[in-house]
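Source file: my_file07.cif; contents: mmCIF, C-alpha atoms.
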```
data_query
loop_
_atom_site.label_atom_id
_atom_site.label_comp_id
_atom_site.auth_asym_id
_atom_site.auth_seq_id
_atom_site.Cartn_x
_atom_site.Cartn_y
_atom_site.Cartn_z
CA MET A 17 28.41 116.27 2.89
CA ILE A 18 27.12 113.23 4.70
CA ILE A 19 30.45 111.39 4.72
CA GLY A 20 33.75 112.40 6.29
CA PRO A 21 36.45 110.97 8.58
CA GLU A 22 34.73 112.33 11.69
CA MET A 23 31.19 111.83 10.41
CA ASP A 24 30.54 108.68 8.42
CA ILE A 25 33.21 106.43 6.91
CA PRO A 26 32.13 104.09 4.08
CA ALA A 27 33.83 100.82 3.17
CA PRO A 28 33.50 98.14 0.46
CA ASP A 29 30.58 95.72 0.41
CA MET A 30 28.88 93.53 -2.22
CA GLY A 31 29.63 94.95 -5.67
CA THR A 32 32.22 97.49 -4.52
CA ASN A 33 35.96 97.14 -3.96
CA ALA A 34 39.20 99.02 -3.26
CA GLN A 35 39.01 100.83 -6.61
CA VAL A 36 35.56 102.22 -5.84
CA MET A 37 36.84 103.34 -2.42
CA ALA A 38 39.74 105.13 -4.15
CA TRP A 39 37.23 107.00 -6.34
CA ILE A 40 35.21 108.04 -3.31
CA MET A 41 38.39 109.19 -1.52
CA ASP A 42 39.41 111.17 -4.61
CA THR A 43 35.99 112.81 -5.05
CA TYR A 44 35.83 113.81 -1.40
CA SER A 45 39.42 115.08 -1.43
CA VAL A 46 38.90 117.21 -4.54
CA GLY A 47 35.96 118.85 -2.77
CA LYS A 48 38.06 119.47 0.33
CA GLY A 49 41.07 120.76 -1.60
CA SER A 50 43.51 118.28 -0.08
CA THR A 51 43.85 114.52 0.19
CA VAL A 52 41.75 113.05 3.00
CA THR A 53 42.53 109.33 3.18
CA GLY A 54 40.47 108.71 6.35
CA VAL A 55 37.12 109.34 4.66
CA VAL A 56 36.78 105.72 3.48
CA THR A 57 38.39 102.39 4.34
CA GLY A 58 39.12 99.35 2.25
CA LYS A 59 41.26 101.52 -0.03
CA PRO A 60 44.18 100.21 -2.09
CA VAL A 61 47.28 99.95 0.15
CA PRO A 62 49.26 102.62 -1.82
CA LEU A 63 46.42 105.12 -1.19
CA GLY A 64 46.18 104.85 2.57
CA GLY A 65 44.75 101.35 2.70
CA SER A 66 45.74 98.88 5.40
CA GLU A 67 47.73 95.71 5.02
CA GLY A 68 45.44 92.77 5.80
CA ARG A 69 42.19 94.62 5.03
CA VAL A 70 41.17 92.47 2.06
CA GLU A 71 41.49 89.25 4.06
CA ALA A 72 40.19 90.70 7.34
CA THR A 73 36.57 89.51 7.27
CA GLY A 74 37.54 85.96 6.29
CA ARG A 75 40.32 85.95 8.88
CA GLY A 76 37.85 87.01 11.57
CA VAL A 77 35.43 84.28 10.46
CA ILE A 78 38.07 81.57 10.79
CA THR A 79 39.37 82.98 14.10
CA ALA A 80 35.80 82.78 15.43
CA ALA A 81 35.43 79.26 14.00
CA ALA A 82 38.56 78.11 15.84
CA GLU A 83 37.30 79.60 19.11
CA ALA A 84 33.91 77.92 18.65
CA CYS A 85 35.62 74.57 17.93
CA ASP A 86 37.35 74.84 21.32
CA VAL A 87 33.99 75.36 23.02
CA LEU A 88 32.46 72.34 21.27
CA ASP A 89 35.51 70.09 21.72
CA MET A 90 35.94 69.99 17.98
CA LYS A 91 39.10 70.60 15.99
CA LEU A 92 39.25 72.93 13.00
CA ASP A 93 42.13 70.76 11.79
CA GLY A 94 40.49 67.83 10.00
CA SER A 95 36.94 69.16 10.13
CA ARG A 96 34.70 69.16 7.07
CA VAL A 97 33.61 72.65 6.08
CA VAL A 98 30.90 73.85 3.67
CA VAL A 99 31.08 77.46 2.49
CA GLN A 100 28.17 79.23 0.80
CA GLY A 101 29.58 82.12 -1.20
CA PHE A 102 32.86 82.72 -2.99
CA GLY A 103 33.22 86.49 -2.70
CA ASN A 104 35.66 88.36 -0.50
CA VAL A 105 34.39 86.61 2.63
CA GLY A 106 33.70 83.05 1.44
CA SER A 107 36.82 82.61 -0.65
CA ILE A 108 39.19 83.93 2.03
CA ALA A 109 37.44 81.99 4.82
CA ALA A 110 37.74 78.81 2.72
CA LYS A 111 41.41 79.49 2.01
CA LEU A 112 42.26 80.13 5.66
CA ALA A 113 40.23 77.09 6.79
CA VAL A 114 42.32 74.91 4.47
CA GLU A 115 45.53 76.52 5.78
CA ARG A 116 44.44 75.45 9.27
CA GLY A 117 43.94 71.84 8.22
CA ALA A 118 40.21 71.83 7.51
CA LYS A 119 38.75 70.18 4.43
CA VAL A 120 36.39 72.38 2.40
CA VAL A 121 34.05 69.76 0.92
CA ALA A 122 31.66 72.14 -0.85
CA ILE A 123 31.48 75.75 -1.90
CA SER A 124 29.22 77.86 -4.10
CA ASP A 125 29.32 81.10 -6.04
CA ARG A 126 26.62 83.09 -7.85
CA VAL A 127 26.46 80.49 -10.63
CA GLY A 128 26.19 77.31 -8.52
CA GLY A 129 27.78 74.96 -6.04
CA ILE A 130 30.32 72.12 -6.20
CA HIS A 131 30.91 69.22 -3.81
CA ASN A 132 33.75 66.76 -3.31
CA ALA A 133 33.84 64.76 -0.08
CA ASN A 134 37.63 64.49 -0.38
CA GLY A 135 38.02 68.25 -0.27
CA LEU A 136 38.26 70.99 -2.87
CA PRO A 137 41.49 72.72 -4.02
CA ILE A 138 40.51 76.20 -2.80
CA HIS A 139 43.74 77.88 -3.86
CA GLU A 140 43.29 76.60 -7.41
CA LEU A 141 39.62 77.65 -7.46
CA ILE A 142 40.55 81.18 -6.39
CA GLN A 143 43.40 81.41 -8.89
CA GLN A 144 41.66 79.90 -11.90
CA TYR A 145 37.90 80.04 -11.49
CA SER A 146 37.15 83.40 -9.84
CA ASN A 147 36.93 85.35 -13.07
CA VAL A 148 35.61 82.83 -15.56
CA GLU A 149 32.09 82.90 -16.97
CA GLY A 150 30.79 79.77 -15.28
CA GLY A 151 32.68 80.48 -12.03
CA ILE A 152 33.66 77.52 -9.88
CA THR A 153 31.08 75.30 -11.60
CA GLU A 154 33.59 75.01 -14.45
CA PHE A 155 35.85 73.03 -12.11
CA LYS A 156 35.34 69.41 -13.16
CA ASP A 157 36.67 67.27 -10.31
CA ALA A 158 33.53 67.77 -8.20
CA GLU A 159 29.83 67.13 -8.45
CA PRO A 160 27.42 70.04 -8.92
CA VAL A 161 25.03 70.83 -6.06
CA THR A 162 22.14 73.25 -5.80
CA ASN A 163 22.06 75.91 -3.11
CA GLU A 164 19.58 73.92 -0.99
CA GLU A 165 21.63 70.71 -1.35
CA LEU A 166 24.79 72.58 -0.36
CA LEU A 167 23.30 73.90 2.87
CA ALA A 168 22.03 70.42 3.83
CA LEU A 169 25.30 68.58 3.14
CA ASP A 170 26.83 66.38 5.80
CA CYS A 171 29.64 68.45 7.36
CA ASP A 172 30.99 69.76 10.66
CA ILE A 173 31.02 73.49 10.00
CA LEU A 174 28.75 75.53 7.72
CA ILE A 175 29.83 79.04 6.77
CA PRO A 176 27.03 80.99 5.06
CA ALA A 177 28.97 83.81 3.40
CA ALA A 178 26.64 84.87 0.61
CA THR A 179 23.61 86.94 1.54
CA THR A 180 20.65 87.39 3.91
CA GLU A 181 17.99 84.82 4.87
CA GLN A 182 19.64 81.69 3.53
CA LEU A 183 18.80 79.60 6.60
CA HIS A 184 15.06 79.86 7.16
CA VAL A 185 12.07 77.99 8.55
CA ASP A 186 11.91 75.65 5.53
CA ASN A 187 15.49 74.38 5.62
CA ALA A 188 16.73 74.84 9.21
CA ASP A 189 15.76 71.26 10.05
CA ASP A 190 17.90 69.95 7.17
CA ILE A 191 21.15 71.51 8.34
CA LYS A 192 23.60 68.79 9.40
CA ALA A 193 26.48 71.00 10.55
CA LYS A 194 27.12 71.16 14.30
CA LEU A 195 28.57 74.64 14.01
CA ILE A 196 27.49 77.60 11.87
CA ILE A 197 29.73 80.64 11.47
CA GLU A 198 27.87 83.55 9.87
CA GLY A 199 30.19 85.16 7.33
CA ALA A 200 27.32 87.04 5.65
CA ASN A 201 25.10 89.61 7.33
CA GLY A 202 21.72 88.26 8.38
CA PRO A 203 21.94 84.78 6.82
CA THR A 204 19.68 83.20 9.47
CA THR A 205 16.03 84.22 10.05
CA PRO A 206 14.77 84.42 13.66
CA GLN A 207 12.54 81.36 13.06
CA ALA A 208 15.53 79.36 11.81
CA ASP A 209 17.51 80.60 14.81
CA ASP A 210 14.94 79.07 17.16
CA ILE A 211 14.94 75.77 15.28
CA LEU A 212 18.74 75.58 15.24
CA ALA A 213 18.93 76.42 18.96
CA ASP A 214 16.39 73.67 19.75
CA ARG A 215 18.45 71.23 17.71
CA GLY A 216 21.63 72.17 19.56
CA VAL A 217 23.39 73.68 16.54
CA PHE A 218 25.91 76.27 17.73
CA VAL A 219 25.60 79.53 15.75
CA VAL A 220 28.28 82.21 15.90
CA PRO A 221 26.32 85.29 14.81
CA ASP A 222 27.26 87.70 12.03
CA VAL A 223 27.75 90.64 14.40
CA LEU A 224 30.67 88.76 15.96
CA ALA A 225 31.80 86.30 13.28
CA ASN A 226 32.18 88.77 10.41
CA ALA A 227 33.31 91.77 12.48
CA GLY A 228 36.90 91.31 11.28
CA GLY A 229 36.19 93.52 8.29
CA VAL A 230 35.09 96.54 10.29
CA VAL A 231 37.83 95.95 12.87
CA VAL A 232 40.55 96.26 10.24
CA SER A 233 38.63 99.15 8.66
CA TYR A 234 38.95 100.78 12.07
CA PHE A 235 42.70 100.03 12.03
CA GLU A 236 42.92 101.56 8.55
CA TRP A 237 41.16 104.74 9.72
CA VAL A 238 43.46 104.97 12.76
CA GLN A 239 46.51 104.55 10.50
CA ASP A 240 45.20 107.19 8.09
CA LEU A 241 44.55 109.70 10.88
CA GLN A 242 48.03 109.11 12.30
CA ALA A 243 49.71 108.78 8.88
CA PHE A 244 51.62 105.90 10.41
CA PHE A 245 51.21 102.47 8.85
CA TRP A 246 51.53 99.00 10.33
CA GLU A 247 52.94 95.74 9.00
CA GLU A 248 50.50 93.00 8.00
CA ASN A 249 51.54 90.75 10.85
CA GLU A 250 50.78 93.49 13.37
CA VAL A 251 47.34 94.07 11.82
CA ASN A 252 46.51 90.35 11.89
CA LEU A 253 47.63 89.91 15.50
CA LYS A 254 45.60 92.88 16.70
CA LEU A 255 42.58 91.64 14.73
CA GLU A 256 42.77 88.11 16.14
CA LYS A 257 43.12 89.46 19.66
CA ILE A 258 39.95 91.56 19.34
CA ILE A 259 37.94 88.69 17.84
CA LYS A 260 39.14 86.23 20.52
CA ASN A 261 38.45 88.64 23.39
CA SER A 262 35.02 89.55 21.99
CA PHE A 263 34.21 85.87 21.50
CA ALA A 264 35.12 85.12 25.12
CA HIS A 265 33.02 88.03 26.34
CA VAL A 266 30.00 86.90 24.29
CA LEU A 267 30.46 83.28 25.42
CA GLY A 268 30.52 84.35 29.08
CA THR A 269 27.39 86.46 28.60
CA MET A 270 25.71 83.52 26.84
CA GLN A 271 26.37 81.23 29.78
CA GLN A 272 25.31 83.88 32.28
CA HIS A 273 21.99 84.63 30.52
CA LYS A 274 21.45 81.01 29.37
CA THR A 275 20.74 82.13 25.82
CA THR A 276 22.18 81.89 22.30
CA MET A 277 25.44 83.44 21.10
CA ARG A 278 23.39 85.89 19.00
CA THR A 279 21.30 87.15 21.88
CA ALA A 280 24.38 87.33 24.11
CA ALA A 281 26.21 89.39 21.49
CA TYR A 282 23.19 91.68 21.19
CA ILE A 283 23.00 92.05 24.97
CA ILE A 284 26.59 93.34 24.97
CA GLY A 285 26.23 95.54 21.90
CA VAL A 286 22.83 97.01 22.69
CA LYS A 287 23.87 97.71 26.28
CA ARG A 288 26.98 99.60 25.17
CA VAL A 289 24.98 101.74 22.75
CA ALA A 290 22.15 102.29 25.24
CA ASP A 291 24.60 103.26 28.01
CA ALA A 292 26.41 105.69 25.68
CA THR A 293 23.10 107.24 24.64
CA VAL A 294 21.90 107.71 28.21
CA THR A 295 25.27 108.85 29.60
CA ARG A 296 25.60 111.55 26.96
CA GLY A 297 22.32 113.03 28.09
CA ILE A 298 20.79 113.08 24.61
CA TYR A 299 18.09 110.72 25.83
CA PRO A 300 15.32 111.12 26.83
CA MET B 193 9.85 89.38 -0.57
CA SER B 194 6.90 87.10 -1.31
CA ASP B 195 8.55 84.00 0.22
CA PRO B 196 6.85 83.56 3.62
CA ALA B 197 9.95 81.80 4.98
CA LYS B 198 11.89 85.03 4.46
CA PRO B 199 10.66 87.94 6.57
CA ASP B 200 11.47 91.56 5.80
CA VAL B 201 15.10 92.06 6.89
CA LEU B 202 14.33 95.19 8.89
CA ASP B 203 11.61 93.30 10.79
CA MET B 204 14.18 90.58 11.38
CA ALA B 205 16.74 93.06 12.74
CA ARG B 206 14.10 94.58 15.01
CA GLN B 207 13.03 91.15 16.30
CA GLN B 208 16.64 90.40 17.23
CA LEU B 209 16.88 93.75 19.02
CA ALA B 210 13.62 93.07 20.89
CA VAL B 211 14.98 89.80 22.31
CA ALA B 212 18.06 91.58 23.69
CA ALA B 213 15.94 94.49 24.97
CA GLU B 214 13.88 92.03 27.00
CA HIS B 215 16.99 90.49 28.60
CA LEU B 216 18.29 93.97 29.41
CA HIS B 217 14.92 95.28 30.69
CA LEU B 218 15.59 98.15 28.32
CA ASP B 219 13.51 101.30 28.78
CA GLU B 220 10.67 101.29 26.25
CA GLY B 221 11.50 104.73 24.84
CA LEU B 222 15.17 103.89 24.52
CA HIS B 223 14.23 100.68 22.73
CA ARG B 224 12.21 102.77 20.29
CA VAL B 225 15.19 105.08 19.69
CA LEU B 226 17.49 102.13 18.98
CA ALA B 227 14.95 100.50 16.63
CA THR B 228 14.95 103.67 14.49
CA PRO B 229 17.75 105.06 12.30
CA LYS B 230 19.15 108.52 13.04
CA ARG B 231 19.40 109.56 9.37
CA GLN B 232 18.28 108.15 6.03
CA MET B 233 19.20 109.72 2.72
CA ILE B 234 17.98 108.86 -0.76
CA VAL B 235 19.68 110.30 -3.83
CA ASN B 236 19.05 109.89 -7.52
CA PHE B 237 21.99 110.58 -9.77
CA PRO B 238 22.56 110.39 -13.52
CA VAL B 239 25.42 108.39 -15.02
CA VAL B 240 26.52 108.29 -18.67
CA LEU B 241 26.88 104.60 -19.53
CA ASP B 242 29.55 103.15 -21.82
CA ASN B 243 27.00 103.04 -24.66
CA GLY B 244 26.42 106.80 -24.34
CA ARG B 245 22.94 106.52 -22.79
CA VAL B 246 22.19 108.29 -19.53
CA ASN B 247 20.69 106.25 -16.72
CA VAL B 248 19.49 107.52 -13.33
CA PHE B 249 20.46 105.42 -10.32
CA GLU B 250 18.94 105.43 -6.85
CA GLY B 251 21.33 105.45 -3.89
CA PHE B 252 20.84 105.20 -0.14
CA ARG B 253 22.85 106.03 2.96
CA VAL B 254 21.54 105.24 6.41
CA GLN B 255 23.26 106.30 9.64
CA HIS B 256 21.67 104.29 12.40
CA ASN B 257 23.26 105.52 15.63
CA VAL B 258 25.85 108.21 16.38
CA SER B 259 26.17 107.93 20.16
CA ARG B 260 29.52 106.08 20.24
CA GLY B 261 31.32 107.94 17.45
CA PRO B 262 31.20 108.52 13.70
CA THR B 263 29.22 105.99 11.72
CA LYS B 264 30.80 103.19 9.71
CA GLY B 265 29.52 100.78 7.12
CA GLY B 266 29.88 99.50 3.61
CA ILE B 267 28.44 100.69 0.32
CA ARG B 268 26.96 97.96 -1.84
CA PHE B 269 26.13 98.05 -5.53
CA HIS B 270 23.37 95.51 -6.06
CA PRO B 271 20.10 95.40 -8.03
CA GLU B 272 18.04 94.49 -4.94
CA VAL B 273 19.27 97.28 -2.64
CA ASP B 274 16.43 99.21 -0.99
CA LEU B 275 15.95 101.56 1.95
CA ASN B 276 14.65 98.85 4.28
CA GLU B 277 17.56 96.50 3.69
CA THR B 278 20.06 99.35 3.99
CA THR B 279 18.50 100.35 7.32
CA ALA B 280 18.67 96.80 8.68
CA LEU B 281 22.31 96.51 7.63
CA ALA B 282 23.10 99.88 9.27
CA MET B 283 21.48 98.69 12.51
CA TRP B 284 23.55 95.49 12.41
CA MET B 285 26.68 97.62 11.98
CA THR B 286 25.82 99.56 15.16
CA TRP B 287 25.71 96.36 17.24
CA LYS B 288 28.76 94.90 15.51
CA CYS B 289 30.94 97.93 16.27
CA ALA B 290 29.73 97.95 19.88
CA ILE B 291 30.29 94.20 20.37
CA VAL B 292 33.95 94.41 19.30
CA ASN B 293 34.15 97.77 21.11
CA ILE B 294 35.39 100.03 18.34
CA PRO B 295 34.28 103.68 18.57
CA TYR B 296 31.71 103.82 15.78
CA GLY B 297 27.99 103.83 15.21
CA GLY B 298 26.53 101.84 12.35
CA ALA B 299 25.82 102.97 8.79
CA LYS B 300 25.22 101.36 5.43
CA GLY B 301 24.86 102.55 1.89
CA GLY B 302 23.78 101.12 -1.39
CA VAL B 303 23.17 101.88 -5.01
CA ARG B 304 20.44 100.00 -6.82
CA VAL B 305 22.43 98.92 -9.84
CA ASP B 306 23.36 95.81 -11.76
CA THR B 307 27.13 96.15 -11.60
CA LYS B 308 29.77 95.57 -14.22
CA SER B 309 27.74 97.76 -16.55
CA SER B 310 29.10 101.22 -15.73
CA ALA B 311 32.36 102.34 -14.20
CA SER B 312 33.60 105.49 -12.51
CA GLU B 313 30.52 106.54 -10.56
CA SER B 314 31.66 107.80 -7.19
CA SER B 315 30.37 109.19 -3.94
CA ARG B 316 27.19 111.01 -3.05
CA ASN B 317 28.09 113.89 -0.81
#
```

Write the structure described by the file as structure tokens, please.
Amino acid sequence: MIIGPEMDIPAPDMGTNAQVMAWIMDTYSVGKGSTVTGVVTGKPVPLGGSEGRVEATGRGVITAAAEACDVLDMKLDGSRVVVQGFGNVGSIAAKLAVERGAKVVAISDRVGGIHNANGLPIHELIQQYSNVEGGITEFKDAEPVTNEELLALDCDILIPAATTEQLHVDNADDIKAKLIIEGANGPTTPQADDILADRGVFVVPDVLANAGGVVVSYFEWVQDLQAFFWEENEVNLKLEKIIKNSFAHVLGTMQQHKTTMRTAAYIIGVKRVADATVTRGIYP
Amino acid sequence: MSDPAKPDVLDMARQQLAVAAEHLHLDEGLHRVLATPKRQMIVNFPVVLDNGRVNVFEGFRVQHNVSRGPTKGGIRFHPEVDLNETTALAMWMTWKCAIVNIPYGGAKGGVRVDTKSSASESSRN
């Protein structure tokens, strides 16, 4: 067995969901002879899942966005947001941005993108266009945009929440957003990172911005191990506290090392792992 | 992977690590350890599709670092999953868990499959 609650704990990602996690939990449990909920996270709530897990990554993204707005003297309330991606991260981030007063002026899914400078009805898009053939492009009160047009739209905040390497050397100069919050993993290439840093675009890196998902996965695992479950409000408060504290720590490290948020985050993360490795005595 | 604007994702992850290693004056050997995954597993497993045909799918699980606790990371079902990408994503999970200070190392898994074709495949143990 390579997975197990004390060994390796999978979770949902692109193409998988709570149902798949339930199947994994069941398969593992049948092998063990008793139900082991802590072997995977992102499970359905009735099977040892956590309240707030589905929304956790998007909630972390928007919490990080609000913190970054404070740094840049911007306000999330009233800002114009472009979201690339309409999966679990993009759709929830867009919904929570709207709840906090932002205007989502463009969004895309795997079929295409739509733009309306007056703002898009995110709730309606989630309710009515998530599971239709043409996706959100079937929504008529907006103009269609290509992926490259979407990324270069005039806006305050860009949230790439689709896949890797979307911001690269060929389009980094076209980005008009002042603030980028990485909802996806690895959406910005190192070359694009350098260009964006030179241009003064503030990038909150994936390893911080989208950590909400694994944080609430951690909460789910803790709840499973203790067989004691929390209310959604408690989960959300604990999540927001961790994201805010981590953001402040990364920001301080960024100022101290005079570097980018990404490098500062890496300095913290790599140092913790390196210190643990050395302290345990397993290296060299 | 032919687009020159888009480097290999594992190279990208290692470049990001190298920048931090320089700031930290990280020991060269330790840097090498952190740039390399602890475990990589490839499995091929048969699945009976809805149309009765049997297809064999390739799956990956990479555990990048185990020094801070058990490993943690998603499983993706996607036609472009490969070992390199899974390794990069596992490495990113290691840093992510450390940055928000939760007691895990990083892992990632994937099955190379165009989803919505077959249901009920489960774990690889």

I need the contact residues of chain A against chain B, so if you could list those with any atom within 6 Å, counting all atoms listed in the file, and return them as a PyMOL selection string, that would help. chain A and resi 17-18+22-32+39-40+184-185+223+262+279+282-285+292-293

Name the residues that the PyMOL selection byres ((chain A and resi 111-116) around 9) picks from the file above, as a count of residues only, using the file's chain letters and numbers. 21

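Atom CA of Arg278 of chain A sits 5.1 Å away from atom CA of Pro221 of chain A.
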
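Here atom CA of Asp86 of chain A and atom CA of Ala213 of chain A stand 18.6 Å from one another.
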
Residue IDs satisfying the PyMOL selection byres ((chain A and resi 238-249) around 10), as a PyMOL selection string: chain A and resi 21+52-57+61+63-69+232-237+250-255

Just write the chosen residues, C-alpha atoms, as a tab-separated table (two decimals), in the frame of the given file.
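Listing of part19.tsv after writing:
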```
chain	number	residue	atom	x	y	z
A	21	PRO	CA	36.45	110.97	8.58
A	52	VAL	CA	41.75	113.05	3.00
A	53	THR	CA	42.53	109.33	3.18
A	54	GLY	CA	40.47	108.71	6.35
A	55	VAL	CA	37.12	109.34	4.66
A	56	VAL	CA	36.78	105.72	3.48
A	57	THR	CA	38.39	102.39	4.34
A	61	VAL	CA	47.28	99.95	0.15
A	63	LEU	CA	46.42	105.12	-1.19
A	64	GLY	CA	46.18	104.85	2.57
A	65	GLY	CA	44.75	101.35	2.70
A	66	SER	CA	45.74	98.88	5.40
A	67	GLU	CA	47.73	95.71	5.02
A	68	GLY	CA	45.44	92.77	5.80
A	69	ARG	CA	42.19	94.62	5.03
A	232	VAL	CA	40.55	96.26	10.24
A	233	SER	CA	38.63	99.15	8.66
A	234	TYR	CA	38.95	100.78	12.07
A	235	PHE	CA	42.70	100.03	12.03
A	236	GLU	CA	42.92	101.56	8.55
A	237	TRP	CA	41.16	104.74	9.72
A	250	GLU	CA	50.78	93.49	13.37
A	251	VAL	CA	47.34	94.07	11.82
A	252	ASN	CA	46.51	90.35	11.89
A	253	LEU	CA	47.63	89.91	15.50
A	254	LYS	CA	45.60	92.88	16.70
A	255	LEU	CA	42.58	91.64	14.73
```

Name all residues at most 10 Å from Ile259 of chain A (count all atoms listed in the file; drop same-chain ones fewer than 4 positions away) and give them as a list in words. Arg75, Gly76, Val77, Thr79, Ala80, Glu83, Leu224, Ala225, Asn226, Ala227, Gly228, Val231, Lys254, Leu255, Phe263, Ala264 and His265 of chain A; Ile291 and Val292 of chain B

Selection file, C-alpha atoms, as a PDB file, in the coordinates of the input:
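Result saved to result-v4.pdb:
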```
ATOM      1  CA  ARG A  75      40.320  85.950   8.880  1.00  0.00           C
ATOM      2  CA  GLY A  76      37.850  87.010  11.570  1.00  0.00           C
ATOM      3  CA  VAL A  77      35.430  84.280  10.460  1.00  0.00           C
ATOM      4  CA  THR A  79      39.370  82.980  14.100  1.00  0.00           C
ATOM      5  CA  ALA A  80      35.800  82.780  15.430  1.00  0.00           C
ATOM      6  CA  GLU A  83      37.300  79.600  19.110  1.00  0.00           C
ATOM      7  CA  LEU A 224      30.670  88.760  15.960  1.00  0.00           C
ATOM      8  CA  ALA A 225      31.800  86.300  13.280  1.00  0.00           C
ATOM      9  CA  ASN A 226      32.180  88.770  10.410  1.00  0.00           C
ATOM     10  CA  ALA A 227      33.310  91.770  12.480  1.00  0.00           C
ATOM     11  CA  GLY A 228      36.900  91.310  11.280  1.00  0.00           C
ATOM     12  CA  VAL A 231      37.830  95.950  12.870  1.00  0.00           C
ATOM     13  CA  LYS A 254      45.600  92.880  16.700  1.00  0.00           C
ATOM     14  CA  LEU A 255      42.580  91.640  14.730  1.00  0.00           C
ATOM     15  CA  PHE A 263      34.210  85.870  21.500  1.00  0.00           C
ATOM     16  CA  ALA A 264      35.120  85.120  25.120  1.00  0.00           C
ATOM     17  CA  HIS A 265      33.020  88.030  26.340  1.00  0.00           C
TER      18      HIS A 265
ATOM     19  CA  ILE B 291      30.290  94.200  20.370  1.00  0.00           C
ATOM     20  CA  VAL B 292      33.950  94.410  19.300  1.00  0.00           C
TER      21      VAL B 292
END
```

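You can rank B:Asn236, B:Leu241, B:Val273, B:Val248 by their closest distance to Thr179 of chain A using all atoms listed in the file, and at the top of that list sits B:Val273.
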
Residues returned when the PyMOL selection byres ((chain A and resi 122) around 12) runs on this file, as a VMD selection string: chain A and resid 96 to 102 106 to 107 110 118 to 121 123 to 125 128 to 138 141 152 to 153 157 to 163 165 to 176

Would you save the residues of that selection, restricted to C-alpha atoms, as a PDB file, in the coordinates of the input?
```pdb
ATOM      1  CA  ARG A  96      34.700  69.160   7.070  1.00  0.00           C
ATOM      2  CA  VAL A  97      33.610  72.650   6.080  1.00  0.00           C
ATOM      3  CA  VAL A  98      30.900  73.850   3.670  1.00  0.00           C
ATOM      4  CA  VAL A  99      31.080  77.460   2.490  1.00  0.00           C
ATOM      5  CA  GLN A 100      28.170  79.230   0.800  1.00  0.00           C
ATOM      6  CA  GLY A 101      29.580  82.120  -1.200  1.00  0.00           C
ATOM      7  CA  PHE A 102      32.860  82.720  -2.990  1.00  0.00           C
ATOM      8  CA  GLY A 106      33.700  83.050   1.440  1.00  0.00           C
ATOM      9  CA  SER A 107      36.820  82.610  -0.650  1.00  0.00           C
ATOM     10  CA  ALA A 110      37.740  78.810   2.720  1.00  0.00           C
ATOM     11  CA  ALA A 118      40.210  71.830   7.510  1.00  0.00           C
ATOM     12  CA  LYS A 119      38.750  70.180   4.430  1.00  0.00           C
ATOM     13  CA  VAL A 120      36.390  72.380   2.400  1.00  0.00           C
ATOM     14  CA  VAL A 121      34.050  69.760   0.920  1.00  0.00           C
ATOM     15  CA  ILE A 123      31.480  75.750  -1.900  1.00  0.00           C
ATOM     16  CA  SER A 124      29.220  77.860  -4.100  1.00  0.00           C
ATOM     17  CA  ASP A 125      29.320  81.100  -6.040  1.00  0.00           C
ATOM     18  CA  GLY A 128      26.190  77.310  -8.520  1.00  0.00           C
ATOM     19  CA  GLY A 129      27.780  74.960  -6.040  1.00  0.00           C
ATOM     20  CA  ILE A 130      30.320  72.120  -6.200  1.00  0.00           C
ATOM     21  CA  HIS A 131      30.910  69.220  -3.810  1.00  0.00           C
ATOM     22  CA  ASN A 132      33.750  66.760  -3.310  1.00  0.00           C
ATOM     23  CA  ALA A 133      33.840  64.760  -0.080  1.00  0.00           C
ATOM     24  CA  ASN A 134      37.630  64.490  -0.380  1.00  0.00           C
ATOM     25  CA  GLY A 135      38.020  68.250  -0.270  1.00  0.00           C
ATOM     26  CA  LEU A 136      38.260  70.990  -2.870  1.00  0.00           C
ATOM     27  CA  PRO A 137      41.490  72.720  -4.020  1.00  0.00           C
ATOM     28  CA  ILE A 138      40.510  76.200  -2.800  1.00  0.00           C
ATOM     29  CA  LEU A 141      39.620  77.650  -7.460  1.00  0.00           C
ATOM     30  CA  ILE A 152      33.660  77.520  -9.880  1.00  0.00           C
ATOM     31  CA  THR A 153      31.080  75.300 -11.600  1.00  0.00           C
ATOM     32  CA  ASP A 157      36.670  67.270 -10.310  1.00  0.00           C
ATOM     33  CA  ALA A 158      33.530  67.770  -8.200  1.00  0.00           C
ATOM     34  CA  GLU A 159      29.830  67.130  -8.450  1.00  0.00           C
ATOM     35  CA  PRO A 160      27.420  70.040  -8.920  1.00  0.00           C
ATOM     36  CA  VAL A 161      25.030  70.830  -6.060  1.00  0.00           C
ATOM     37  CA  THR A 162      22.140  73.250  -5.800  1.00  0.00           C
ATOM     38  CA  ASN A 163      22.060  75.910  -3.110  1.00  0.00           C
ATOM     39  CA  GLU A 165      21.630  70.710  -1.350  1.00  0.00           C
ATOM     40  CA  LEU A 166      24.790  72.580  -0.360  1.00  0.00           C
ATOM     41  CA  LEU A 167      23.300  73.900   2.870  1.00  0.00           C
ATOM     42  CA  ALA A 168      22.030  70.420   3.830  1.00  0.00           C
ATOM     43  CA  LEU A 169      25.300  68.580   3.140  1.00  0.00           C
ATOM     44  CA  ASP A 170      26.830  66.380   5.800  1.00  0.00           C
ATOM     45  CA  CYS A 171      29.640  68.450   7.360  1.00  0.00           C
ATOM     46  CA  ASP A 172      30.990  69.760  10.660  1.00  0.00           C
ATOM     47  CA  ILE A 173      31.020  73.490  10.000  1.00  0.00           C
ATOM     48  CA  LEU A 174      28.750  75.530   7.720  1.00  0.00           C
ATOM     49  CA  ILE A 175      29.830  79.040   6.770  1.00  0.00           C
ATOM     50  CA  PRO A 176      27.030  80.990   5.060  1.00  0.00           C
TER      51      PRO A 176
END
```
